[in-house]
>>> print(open('input.cif').read())   # mmCIF, C-alpha atoms and all ligand atoms
data_my_file
loop_
_atom_site.label_atom_id
_atom_site.label_comp_id
_atom_site.auth_asym_id
_atom_site.auth_seq_id
_atom_site.Cartn_x
_atom_site.Cartn_y
_atom_site.Cartn_z
CA MET A 1 17.33 -21.16 13.35
CA LEU A 2 16.49 -18.13 11.22
CA ARG A 3 14.71 -15.30 13.00
CA VAL A 4 12.48 -12.79 11.26
CA ALA A 5 11.25 -9.52 12.74
CA ILE A 6 7.62 -8.78 11.94
CA VAL A 7 7.41 -5.01 12.11
CA THR A 8 4.02 -4.00 13.45
CA GLU A 9 2.33 -1.95 16.15
CA ASP A 10 -0.53 -4.35 16.49
CA PRO A 11 0.17 -7.98 15.52
CA GLY A 12 -3.52 -9.02 15.54
CA TRP A 13 -4.85 -11.51 13.03
CA HIS A 14 -2.24 -10.72 10.35
CA GLY A 15 0.60 -11.14 12.83
CA ALA A 16 -0.74 -14.50 13.98
CA GLU A 17 -1.13 -15.68 10.37
CA LEU A 18 2.43 -14.69 9.50
CA LYS A 19 3.87 -16.20 12.66
CA ARG A 20 2.20 -19.51 11.89
CA ALA A 21 3.36 -19.46 8.27
CA PHE A 22 6.96 -18.74 9.27
CA ARG A 23 6.85 -21.39 11.98
CA ALA A 24 5.73 -23.97 9.41
CA ARG A 25 9.05 -23.26 7.70
CA ARG A 26 10.96 -23.49 10.98
CA ILE A 27 11.61 -19.79 11.04
CA GLY A 28 11.25 -17.98 14.34
CA THR A 29 9.51 -14.60 14.53
CA ARG A 30 9.33 -11.72 16.88
CA PHE A 31 6.99 -8.73 16.67
CA LEU A 32 8.75 -5.43 16.72
CA SER A 33 7.65 -1.80 16.74
CA LEU A 34 9.82 0.62 14.80
CA ARG A 35 9.13 3.13 17.59
CA HIS A 36 11.33 1.04 19.86
CA CYS A 37 14.30 0.80 17.52
CA ARG A 38 17.19 3.21 17.88
CA PHE A 39 20.60 4.07 16.56
CA ASP A 40 23.35 3.86 19.15
CA LEU A 41 26.72 3.87 17.49
CA THR A 42 28.39 2.88 20.75
CA ARG A 43 26.55 -0.41 21.01
CA GLY A 44 24.10 -2.69 19.30
CA CYS A 45 24.76 -4.49 16.06
CA GLN A 46 26.33 -2.04 13.62
CA GLY A 47 24.87 0.78 15.68
CA ILE A 48 21.28 -0.45 15.40
CA VAL A 49 19.44 -1.43 18.55
CA MET A 50 16.28 -3.49 18.03
CA PRO A 51 14.46 -4.93 21.06
CA GLY A 52 14.65 -8.72 21.01
CA PHE A 53 17.56 -8.71 18.58
CA GLU A 54 20.29 -7.46 20.89
CA GLY A 55 22.80 -10.20 20.23
CA ARG A 56 22.11 -10.60 16.55
CA LEU A 57 20.07 -8.60 14.10
CA PRO A 58 17.16 -10.41 12.42
CA ASP A 59 17.81 -12.52 9.33
CA GLY A 60 14.90 -10.82 7.61
CA VAL A 61 12.24 -8.23 8.26
CA PHE A 62 8.59 -8.44 7.25
CA VAL A 63 6.99 -5.00 7.32
CA ARG A 64 3.35 -5.02 8.42
CA GLY A 65 3.10 -1.46 9.65
CA VAL A 66 4.97 1.80 9.92
CA PRO A 67 3.29 4.04 12.47
CA GLY A 68 2.53 7.64 11.62
CA GLY A 69 4.04 10.47 13.61
CA THR A 70 5.93 13.70 13.09
CA LEU A 71 7.96 14.01 9.92
CA GLU A 72 11.10 13.32 11.99
CA GLN A 73 9.62 10.22 13.60
CA VAL A 74 8.42 8.76 10.33
CA VAL A 75 11.75 9.43 8.62
CA LEU A 76 13.59 7.83 11.54
CA ARG A 77 11.35 4.76 11.40
CA LEU A 78 11.99 4.41 7.68
CA ASP A 79 15.71 4.93 8.34
CA PHE A 80 15.79 1.59 10.16
CA LEU A 81 14.29 -0.20 7.16
CA HIS A 82 16.86 1.46 4.89
CA ALA A 83 19.72 0.76 7.31
CA LEU A 84 18.87 -2.93 7.60
CA ARG A 85 18.80 -3.22 3.84
CA GLU A 86 22.19 -1.46 3.69
CA LEU A 87 23.48 -4.26 5.90
CA GLY A 88 22.20 -6.86 3.45
CA ILE A 89 19.23 -7.92 5.58
CA PRO A 90 16.17 -8.63 3.41
CA VAL A 91 13.31 -6.25 4.16
CA TYR A 92 9.89 -7.15 2.67
CA ASN A 93 8.64 -4.65 1.42
CA ASP A 94 11.78 -2.57 1.71
CA GLY A 95 11.92 1.06 2.80
CA ARG A 96 11.98 2.34 -0.75
CA ALA A 97 8.85 0.44 -1.78
CA VAL A 98 7.09 1.48 1.43
CA GLU A 99 7.96 5.14 0.84
CA ARG A 100 6.89 5.01 -2.77
CA THR A 101 3.52 3.42 -2.06
CA VAL A 102 2.65 5.37 1.08
CA ASP A 103 3.01 8.53 -1.00
CA LYS A 104 0.15 8.64 -3.51
CA GLY A 105 1.85 11.35 -5.59
CA MET A 106 4.98 9.27 -6.10
CA THR A 107 2.88 6.18 -6.86
CA SER A 108 0.98 8.10 -9.55
CA PHE A 109 4.22 9.33 -11.11
CA LEU A 110 5.69 5.81 -11.17
CA LEU A 111 2.52 4.30 -12.65
CA LYS A 112 2.56 6.87 -15.42
CA ARG A 113 6.24 6.24 -16.06
CA ALA A 114 5.66 2.48 -16.26
CA GLY A 115 2.85 3.01 -18.77
CA VAL A 116 0.22 1.62 -16.38
CA PRO A 117 -3.25 3.09 -16.96
CA THR A 118 -4.23 5.44 -14.13
CA PRO A 119 -6.62 8.41 -14.13
CA PRO A 120 -5.30 11.92 -14.82
CA THR A 121 -3.82 13.15 -11.52
CA TRP A 122 -2.41 16.43 -10.25
CA VAL A 123 -0.31 16.96 -7.12
CA CYS A 124 0.80 20.40 -5.98
CA GLU A 125 1.46 22.68 -3.01
CA ASP A 126 -0.22 25.68 -4.56
CA LEU A 127 -3.85 26.19 -3.63
CA ALA A 128 -4.45 28.42 -6.66
CA GLU A 129 -3.14 25.67 -8.93
CA ALA A 130 -5.41 23.12 -7.22
CA ARG A 131 -8.38 25.44 -7.78
CA THR A 132 -7.47 25.87 -11.43
CA VAL A 133 -7.34 22.09 -11.93
CA LEU A 134 -10.73 21.68 -10.24
CA MET A 135 -12.31 24.43 -12.36
CA ARG A 136 -10.87 23.03 -15.57
CA GLU A 137 -11.91 19.45 -14.82
CA THR A 138 -15.44 20.27 -13.69
CA ALA A 139 -15.91 22.59 -16.68
CA ALA A 140 -15.02 19.61 -18.86
CA GLY A 141 -17.70 17.54 -17.11
CA HIS A 142 -15.48 15.55 -14.73
CA ASP A 143 -15.78 15.26 -10.97
CA VAL A 144 -12.52 15.30 -9.05
CA VAL A 145 -11.39 13.16 -6.11
CA VAL A 146 -9.13 14.81 -3.57
CA LYS A 147 -7.12 12.50 -1.32
CA PRO A 148 -4.71 12.88 1.58
CA LEU A 149 -1.26 12.27 0.13
CA PHE A 150 -0.50 9.69 2.86
CA GLY A 151 -4.05 8.44 3.47
CA SER A 152 -5.45 4.93 3.69
CA GLN A 153 -8.72 3.02 4.21
CA GLY A 154 -10.71 5.63 2.37
CA VAL A 155 -10.31 8.15 5.18
CA GLY A 156 -10.42 11.78 4.04
CA VAL A 157 -11.10 11.13 0.35
CA GLN A 158 -13.64 13.61 -1.05
CA ARG A 159 -15.48 13.92 -4.33
CA LEU A 160 -15.73 17.44 -5.70
CA LYS A 161 -18.28 18.53 -8.26
CA ALA A 162 -18.80 21.72 -10.25
CA GLY A 163 -19.22 24.60 -7.82
CA ASP A 164 -17.43 22.87 -4.92
CA GLY A 165 -14.34 24.45 -3.37
CA VAL A 166 -10.99 22.77 -2.87
CA PRO A 167 -10.52 21.56 0.75
CA ASP A 168 -8.38 23.91 2.79
CA GLU A 169 -4.71 23.67 3.61
CA SER A 170 -5.16 21.95 6.99
CA HIS A 171 -7.25 19.15 5.45
CA CYS A 172 -4.61 18.48 2.81
CA HIS A 173 -1.53 19.26 4.94
CA GLY A 174 -0.45 21.78 2.36
CA ALA A 175 -0.24 19.35 -0.57
CA TRP A 176 -3.22 18.69 -2.83
CA TYR A 177 -3.65 15.36 -4.59
CA LEU A 178 -6.41 15.61 -7.18
CA GLN A 179 -7.56 12.83 -9.46
CA ARG A 180 -10.22 12.61 -12.11
CA TYR A 181 -13.26 10.74 -10.77
CA VAL A 182 -13.94 7.35 -12.34
CA GLU A 183 -17.64 6.45 -12.30
CA SER A 184 -18.01 2.79 -11.34
CA SER A 185 -21.75 2.87 -10.67
CA PRO A 186 -23.94 1.75 -13.55
CA ASP A 187 -26.52 4.45 -12.81
CA GLY A 188 -24.42 6.96 -10.85
CA SER A 189 -26.23 6.26 -7.57
CA SER A 190 -25.74 2.58 -6.66
CA GLY A 191 -23.67 -0.43 -7.52
CA TRP A 192 -20.29 1.21 -6.93
CA HIS A 193 -17.38 -1.20 -6.95
CA ASP A 194 -13.69 -1.58 -7.49
CA TRP A 195 -11.24 -4.47 -7.44
CA ARG A 196 -8.45 -5.35 -5.08
CA VAL A 197 -5.78 -7.57 -6.56
CA LEU A 198 -2.94 -9.00 -4.52
CA VAL A 199 0.39 -9.33 -6.31
CA ILE A 200 3.13 -11.43 -4.75
CA GLY A 201 6.59 -11.83 -6.26
CA GLY A 202 5.45 -10.47 -9.63
CA ASP A 203 2.34 -12.67 -9.90
CA SER A 204 -1.26 -11.62 -9.36
CA VAL A 205 -2.50 -14.32 -6.99
CA ALA A 206 -5.95 -13.30 -5.73
CA ALA A 207 -8.66 -10.80 -6.51
CA MET A 208 -11.91 -9.58 -5.07
CA ALA A 209 -14.55 -7.11 -6.03
CA ARG A 210 -15.42 -4.59 -3.33
CA HIS A 211 -18.96 -3.23 -3.44
CA GLY A 212 -19.05 0.03 -1.53
CA ARG A 213 -21.92 1.64 0.33
CA SER A 214 -20.91 4.77 -1.51
CA TRP A 215 -18.37 5.50 -4.23
CA ILE A 216 -15.65 4.83 -1.61
CA ASN A 217 -15.13 1.09 -1.92
CA ASN A 218 -12.81 0.40 1.02
CA VAL A 219 -13.56 -2.56 3.29
CA ALA A 220 -12.94 -0.20 6.23
CA GLN A 221 -15.83 1.93 4.89
CA GLY A 222 -18.21 -1.00 4.87
CA ALA A 223 -17.69 -2.42 1.38
CA ARG A 224 -18.83 -5.99 0.79
CA CYS A 225 -16.19 -8.36 -0.60
CA GLU A 226 -16.83 -10.90 -3.29
CA ALA A 227 -14.41 -13.30 -4.96
CA ALA A 228 -13.46 -12.19 -8.44
CA ASP A 229 -11.79 -13.94 -11.33
CA LEU A 230 -8.29 -12.86 -12.04
CA GLY A 231 -8.88 -12.18 -15.67
CA ASP A 232 -5.90 -11.62 -17.90
CA GLU A 233 -6.26 -7.87 -18.03
CA LEU A 234 -6.90 -7.39 -14.30
CA GLY A 235 -4.00 -9.64 -13.33
CA ARG A 236 -1.56 -8.18 -15.82
CA THR A 237 -2.40 -4.58 -15.04
CA ALA A 238 -2.04 -5.15 -11.29
CA ALA A 239 1.29 -6.94 -11.74
CA ASP A 240 2.56 -4.12 -13.99
CA ALA A 241 1.55 -1.58 -11.33
CA VAL A 242 3.51 -3.39 -8.62
CA ALA A 243 6.54 -3.75 -10.88
CA GLY A 244 6.24 -0.03 -11.63
CA VAL A 245 6.60 0.92 -7.96
CA GLY A 246 9.24 -1.75 -7.33
CA ALA A 247 7.50 -3.65 -4.52
CA ASP A 248 7.89 -7.34 -3.61
CA TYR A 249 4.18 -7.59 -2.98
CA ALA A 250 1.28 -5.17 -2.88
CA GLY A 251 -2.47 -4.80 -2.96
CA VAL A 252 -3.64 -2.93 -6.05
CA ASP A 253 -6.95 -1.05 -6.29
CA LEU A 254 -8.40 -0.92 -9.79
CA MET A 255 -11.57 0.49 -11.32
CA ARG A 256 -13.26 0.29 -14.66
CA GLY A 257 -14.92 3.46 -15.81
CA ARG A 258 -17.95 3.77 -18.06
CA ASP A 259 -15.70 3.63 -21.12
CA GLY A 260 -14.67 0.13 -20.02
CA ALA A 261 -11.00 1.02 -19.53
CA LEU A 262 -9.27 -0.43 -16.49
CA GLN A 263 -7.45 2.12 -14.30
CA VAL A 264 -5.12 1.62 -11.37
CA ILE A 265 -6.26 3.79 -8.46
CA GLU A 266 -3.77 2.89 -5.78
CA VAL A 267 -0.92 0.54 -4.87
CA ASN A 268 -0.74 -0.48 -1.20
CA GLY A 269 2.74 -1.55 -0.11
CA ILE A 270 1.51 -2.58 3.33
CA PRO A 271 -1.82 -4.15 2.45
CA ALA A 272 -4.17 -5.85 4.87
CA TRP A 273 -5.55 -9.12 3.48
CA ARG A 274 -8.20 -10.24 5.93
CA GLY A 275 -11.09 -9.35 3.61
CA LEU A 276 -9.36 -10.97 0.65
CA GLN A 277 -8.55 -14.10 2.68
CA ARG A 278 -12.28 -14.69 3.27
CA VAL A 279 -12.83 -15.15 -0.45
CA THR A 280 -9.53 -16.89 -1.28
CA GLY A 281 -8.99 -20.64 -1.23
CA PHE A 282 -5.34 -20.70 -0.10
CA SER A 283 -3.50 -19.10 2.79
CA ILE A 284 -2.28 -15.68 1.73
CA ALA A 285 0.16 -15.52 4.65
CA GLU A 286 1.72 -18.80 3.51
CA ARG A 287 2.05 -17.49 -0.02
CA LEU A 288 3.71 -14.29 1.19
CA VAL A 289 6.10 -16.17 3.43
CA GLU A 290 6.92 -18.63 0.66
CA ASP A 291 7.83 -15.75 -1.66
CA PHE A 292 9.85 -13.94 0.99
CA VAL A 293 11.75 -17.07 1.95
CA THR A 294 12.44 -18.41 -1.52
CA ARG A 295 13.47 -15.15 -3.12
CA HIS A 296 15.19 -13.44 -0.19
CA LEU A 297 16.01 -15.82 2.64
CA SER A 298 17.23 -18.93 0.90
CA ARG A 299 20.66 -17.67 -0.10
CA PRO A 300 23.40 -17.90 2.51
CA LEU A 301 23.18 -14.88 4.76
CA GLU A 302 26.28 -13.08 5.84
CA ALA A 303 26.60 -12.54 9.55
CA VAL A 304 26.31 -8.79 10.06
CA CYS A 305 27.34 -8.77 13.70
N1 LIG B 401 -10.27 8.59 -9.06
C1 LIG B 401 -11.23 7.92 -8.43
N2 LIG B 401 -12.47 7.78 -8.99
C2 LIG B 401 -13.46 7.13 -8.36
N3 LIG B 401 -13.32 6.57 -7.16
C3 LIG B 401 -12.11 6.66 -6.55
C4 LIG B 401 -11.01 7.35 -7.14
N4 LIG B 401 -9.96 7.29 -6.32
C5 LIG B 401 -10.38 6.60 -5.25
N5 LIG B 401 -11.66 6.21 -5.39
C6 LIG B 401 -12.43 5.40 -4.43
O1 LIG B 401 -11.98 5.70 -3.13
C7 LIG B 401 -11.37 4.54 -2.54
C8 LIG B 401 -10.17 4.98 -1.71
O2 LIG B 401 -9.21 5.58 -2.56
P1 LIG B 401 -7.70 5.09 -2.60
O3 LIG B 401 -7.00 5.91 -3.61
O4 LIG B 401 -7.65 3.63 -2.77
O5 LIG B 401 -7.16 5.54 -1.17
P2 LIG B 401 -7.02 4.77 0.23
O6 LIG B 401 -5.55 4.74 0.49
O7 LIG B 401 -7.74 5.61 1.22
O8 LIG B 401 -7.60 3.38 0.06
C9 LIG B 401 -11.06 3.62 -3.70
O9 LIG B 401 -11.06 2.27 -3.30
C10 LIG B 401 -12.17 3.92 -4.67
O10 LIG B 401 -13.34 3.21 -4.34
MG MG B 402 -7.19 2.00 -1.48
#
>>> encode(input="input.cif", output="structure tokens", more="lines below")
Ligand SMILES: Nc1ncnc2c1ncn2[C@@H]1O[C@H](COP(=O)(O)OP(=O)(O)O)[C@@H](O)[C@H]1O
Ligand SMILES: [Mg+2]
Amino acid sequence: MLRVAIVTEDPGWHGAELKRAFRARRIGTRFLSLRHCRFDLTRGCQGIVMPGFEGRLPDGVFVRGVPGGTLEQVVLRLDFLHALRELGIPVYNDGRAVERTVDKGMTSFLLKRAGVPTPPTWVCEDLAEARTVLMRETAAGHDVVVKPLFGSQGVGVQRLKAGDGVPDESHCHGAWYLQRYVESSPDGSSGWHDWRVLVIGGDSVAAMARHGRSWINNVAQGARCEAADLGDELGRTAADAVAGVGADYAGVDLMRGRDGALQVIEVNGIPAWRGLQRVTGFSIAERLVEDFVTRHLSRPLEAVC
């Protein structure tokens, strides 16, 4: 029987959904925290020790969460994802895709390179440069959004207007990510919204509109979810964004500004899908597992230890 490690700190609803979907395909699962993995070159399989996989490493790894920590801890946790891939074990999303999407600066660069529409964005370590960008943008009539480079769920994002200062070094951890503000509200004071599109295996499969209580449209910030049609443009743009960052699956945030142009705001390589599931007619976990299994687990696996 194949055994998959579901990497998570907190299995919760998503863990249960995945477990059930894997079980339906006769694949066993075990939840695993990357904090509890270690390298021990004197034992373990190929020097990797993973609780619950002592005799044999997993046949595949589904990544649901990489806990934050010190730079060293986070790098070490990602090392395990890279190491497993080095051994030929499918990791979904793999360490490279996780790194690229956790880091908003790298995501922006890759979107630009792939020709995917995304707002003008600046990322730098120099406070004076960040101030210059803010001055220039506001003088041209644009507000600016500043975001934590590794943020999520709308935490720490700020909207800066003419006359505002750039947040200090401690807020931004010494790296400023600045992006031109896209106005999604019809009148500037209500009706804010964006879209979340889920892309699996290259296909856009589900979409919802998120109506925020403010311009920050995250579900975690109280946004209301509503099913949305996967129009051609929305679906294609989201799929291009995920291809651009090289992820197996991802949740893409998109907005349409007053000029009507669609813009990709963010690509989430470890997306939650509970909100989206409520407005989607099929099981998202089953779709994810189907993609993982058919594209990565169906070829004969080499025994790695
Ligand atoms: N450039 C922008 N213009 C307008 N609103 C934005 C912009 N960037 C982000 N937002 C709003 O803030 C939310 C959170 O930003 P996002 O980049 O998705 O970071 P997070 O990782 O915190 O979700 C978005 O869903 C969107 O509603
Ligand atoms: Mg987001």
>>> closest_residue(input="input.cif", among="A:Val145, A:Ile265, A:Ala97, A:Val7", to="ligand MG 402 (chain B)", atoms="all atoms listed in the file")
A:Ile265
>>> closest_residue(input="input.cif", among="A:Ser152, A:Gly235, A:Gly275, A:Trp215", to="ligand MG 402 (chain B)", atoms="only C-alpha atoms and all ligand atoms")
A:Ser152
>>> closest_residue(input="input.cif", among="A:Val4, A:Ile284, A:Val116, A:Arg224", to="Ala239 in chain A", atoms="only C-alpha atoms")
A:Val116
>>> atom_distance(input="input.cif", atom1="CA of Phe39 in chain A", atom2="CA of Gly55 in chain A")
14.9 Å
>>> residues_near_ligand(input="input.cif", ligand="ligand LIG 401 (chain B)", cutoff="8 Å", atoms="all atoms listed in the file", output="PDB file with C-alpha atoms, keeping the file's coordinate frame")
ATOM      1  CA  LYS A 104       0.150   8.640  -3.510  1.00  0.00           C
ATOM      2  CA  PRO A 119      -6.620   8.410 -14.130  1.00  0.00           C
ATOM      3  CA  VAL A 144     -12.520  15.300  -9.050  1.00  0.00           C
ATOM      4  CA  VAL A 145     -11.390  13.160  -6.110  1.00  0.00           C
ATOM      5  CA  LYS A 147      -7.120  12.500  -1.320  1.00  0.00           C
ATOM      6  CA  PRO A 148      -4.710  12.880   1.580  1.00  0.00           C
ATOM      7  CA  PHE A 150      -0.500   9.690   2.860  1.00  0.00           C
ATOM      8  CA  GLY A 151      -4.050   8.440   3.470  1.00  0.00           C
ATOM      9  CA  SER A 152      -5.450   4.930   3.690  1.00  0.00           C
ATOM     10  CA  GLN A 153      -8.720   3.020   4.210  1.00  0.00           C
ATOM     11  CA  GLY A 154     -10.710   5.630   2.370  1.00  0.00           C
ATOM     12  CA  VAL A 155     -10.310   8.150   5.180  1.00  0.00           C
ATOM     13  CA  GLY A 156     -10.420  11.780   4.040  1.00  0.00           C
ATOM     14  CA  VAL A 157     -11.100  11.130   0.350  1.00  0.00           C
ATOM     15  CA  GLN A 179      -7.560  12.830  -9.460  1.00  0.00           C
ATOM     16  CA  ARG A 180     -10.220  12.610 -12.110  1.00  0.00           C
ATOM     17  CA  TYR A 181     -13.260  10.740 -10.770  1.00  0.00           C
ATOM     18  CA  VAL A 182     -13.940   7.350 -12.340  1.00  0.00           C
ATOM     19  CA  GLU A 183     -17.640   6.450 -12.300  1.00  0.00           C
ATOM     20  CA  SER A 184     -18.010   2.790 -11.340  1.00  0.00           C
ATOM     21  CA  TRP A 192     -20.290   1.210  -6.930  1.00  0.00           C
ATOM     22  CA  HIS A 193     -17.380  -1.200  -6.950  1.00  0.00           C
ATOM     23  CA  ASP A 194     -13.690  -1.580  -7.490  1.00  0.00           C
ATOM     24  CA  TRP A 195     -11.240  -4.470  -7.440  1.00  0.00           C
ATOM     25  CA  GLY A 212     -19.050   0.030  -1.530  1.00  0.00           C
ATOM     26  CA  TRP A 215     -18.370   5.500  -4.230  1.00  0.00           C
ATOM     27  CA  ILE A 216     -15.650   4.830  -1.610  1.00  0.00           C
ATOM     28  CA  ASN A 217     -15.130   1.090  -1.920  1.00  0.00           C
ATOM     29  CA  ASN A 218     -12.810   0.400   1.020  1.00  0.00           C
ATOM     30  CA  ASP A 253      -6.950  -1.050  -6.290  1.00  0.00           C
ATOM     31  CA  LEU A 254      -8.400  -0.920  -9.790  1.00  0.00           C
ATOM     32  CA  MET A 255     -11.570   0.490 -11.320  1.00  0.00           C
ATOM     33  CA  ILE A 265      -6.260   3.790  -8.460  1.00  0.00           C
ATOM     34  CA  GLU A 266      -3.770   2.890  -5.780  1.00  0.00           C
ATOM     35  CA  VAL A 267      -0.920   0.540  -4.870  1.00  0.00           C
ATOM     36  CA  ASN A 268      -0.740  -0.480  -1.200  1.00  0.00           C
TER      37      ASN A 268
END
>>> atom_distance(input="input.cif", atom1="CA of Tyr249 in chain A", atom2="CA of Lys112 in chain A")
19.1 Å
>>> closest_residue(input="input.cif", among="A:Thr8, A:Ser189, A:Gln73, A:Thr237", to="Ser33 in chain A", atoms="all atoms listed in the file")
A:Thr8
>>> atom_distance(input="input.cif", atom1="CA of Leu34 in chain A", atom2="CA of Glu9 in chain A")
8.0 Å
>>> closest_atom_pairs(input="input.cif", of="range 103-221 of chain A", to="range 285-300 of chain A", cutoff="9 Å", atoms="all atoms listed in the file", output="CSV")
residue,atom,partner,partner_atom,distance
A:Ile200,CA,A:Leu288,CA,6.6
A:Gly201,CA,A:Asp291,CA,6.2
A:Val205,CA,A:Arg287,CA,8.9
>>> closest_residue(input="input.cif", among="A:Leu149, A:Leu78, A:Ala175, A:Ala162", to="ligand MG 402 (chain B)", atoms="only C-alpha atoms and all ligand atoms")
A:Leu149
>>> closest_residue(input="input.cif", among="A:Ala243, A:Val264, A:Ile89, A:Met106", to="ligand MG 402 (chain B)", atoms="all atoms listed in the file")
A:Val264
>>> residues_around(input="input.cif", residues="Glu17 in chain A", least_positions_apart="4", cutoff="10 Å", atoms="all atoms listed in the file", output="PyMOL selection string")
chain A and resi 11-13+21-23+274+283-286
>>> write_last_selection(input="input.cif", atoms="C-alpha atoms", output="compact mmCIF listing (two decimals), in the frame of the given file")
# COMPACT_ATOMS: atom_id res chain seq x y z
CA PRO A 11 0.17 -7.98 15.52
CA GLY A 12 -3.52 -9.02 15.54
CA TRP A 13 -4.85 -11.51 13.03
CA ALA A 21 3.36 -19.46 8.27
CA PHE A 22 6.96 -18.74 9.27
CA ARG A 23 6.85 -21.39 11.98
CA ARG A 274 -8.20 -10.24 5.93
CA SER A 283 -3.50 -19.10 2.79
CA ILE A 284 -2.28 -15.68 1.73
CA ALA A 285 0.16 -15.52 4.65
CA GLU A 286 1.72 -18.80 3.51
>>> residues_around(input="input.cif", residues="Arg3 in chain A", least_positions_apart="2", cutoff="8 Å", atoms="only C-alpha atoms", output="PyMOL selection string")
chain A and resi 1+5+27-30+58-60
>>> residues_around(input="input.cif", residues="Cys45 in chain A", least_positions_apart="2", cutoff="7 Å", atoms="all atoms listed in the file", output="PDB file with C-alpha atoms, in the coordinates of the input")
ATOM      1  CA  ARG A  43      26.550  -0.410  21.010  1.00  0.00           C
ATOM      2  CA  GLY A  47      24.870   0.780  15.680  1.00  0.00           C
ATOM      3  CA  ILE A  48      21.280  -0.450  15.400  1.00  0.00           C
ATOM      4  CA  VAL A  49      19.440  -1.430  18.550  1.00  0.00           C
ATOM      5  CA  ARG A  56      22.110 -10.600  16.550  1.00  0.00           C
ATOM      6  CA  LEU A  57      20.070  -8.600  14.100  1.00  0.00           C
ATOM      7  CA  CYS A 305      27.340  -8.770  13.700  1.00  0.00           C
TER       8      CYS A 305
END
>>> residues_around(input="input.cif", residues="Leu87 in chain A", least_positions_apart="5", cutoff="9 Å", atoms="all atoms listed in the file", output="ChimeraX atom specification")
/A:46,82,304
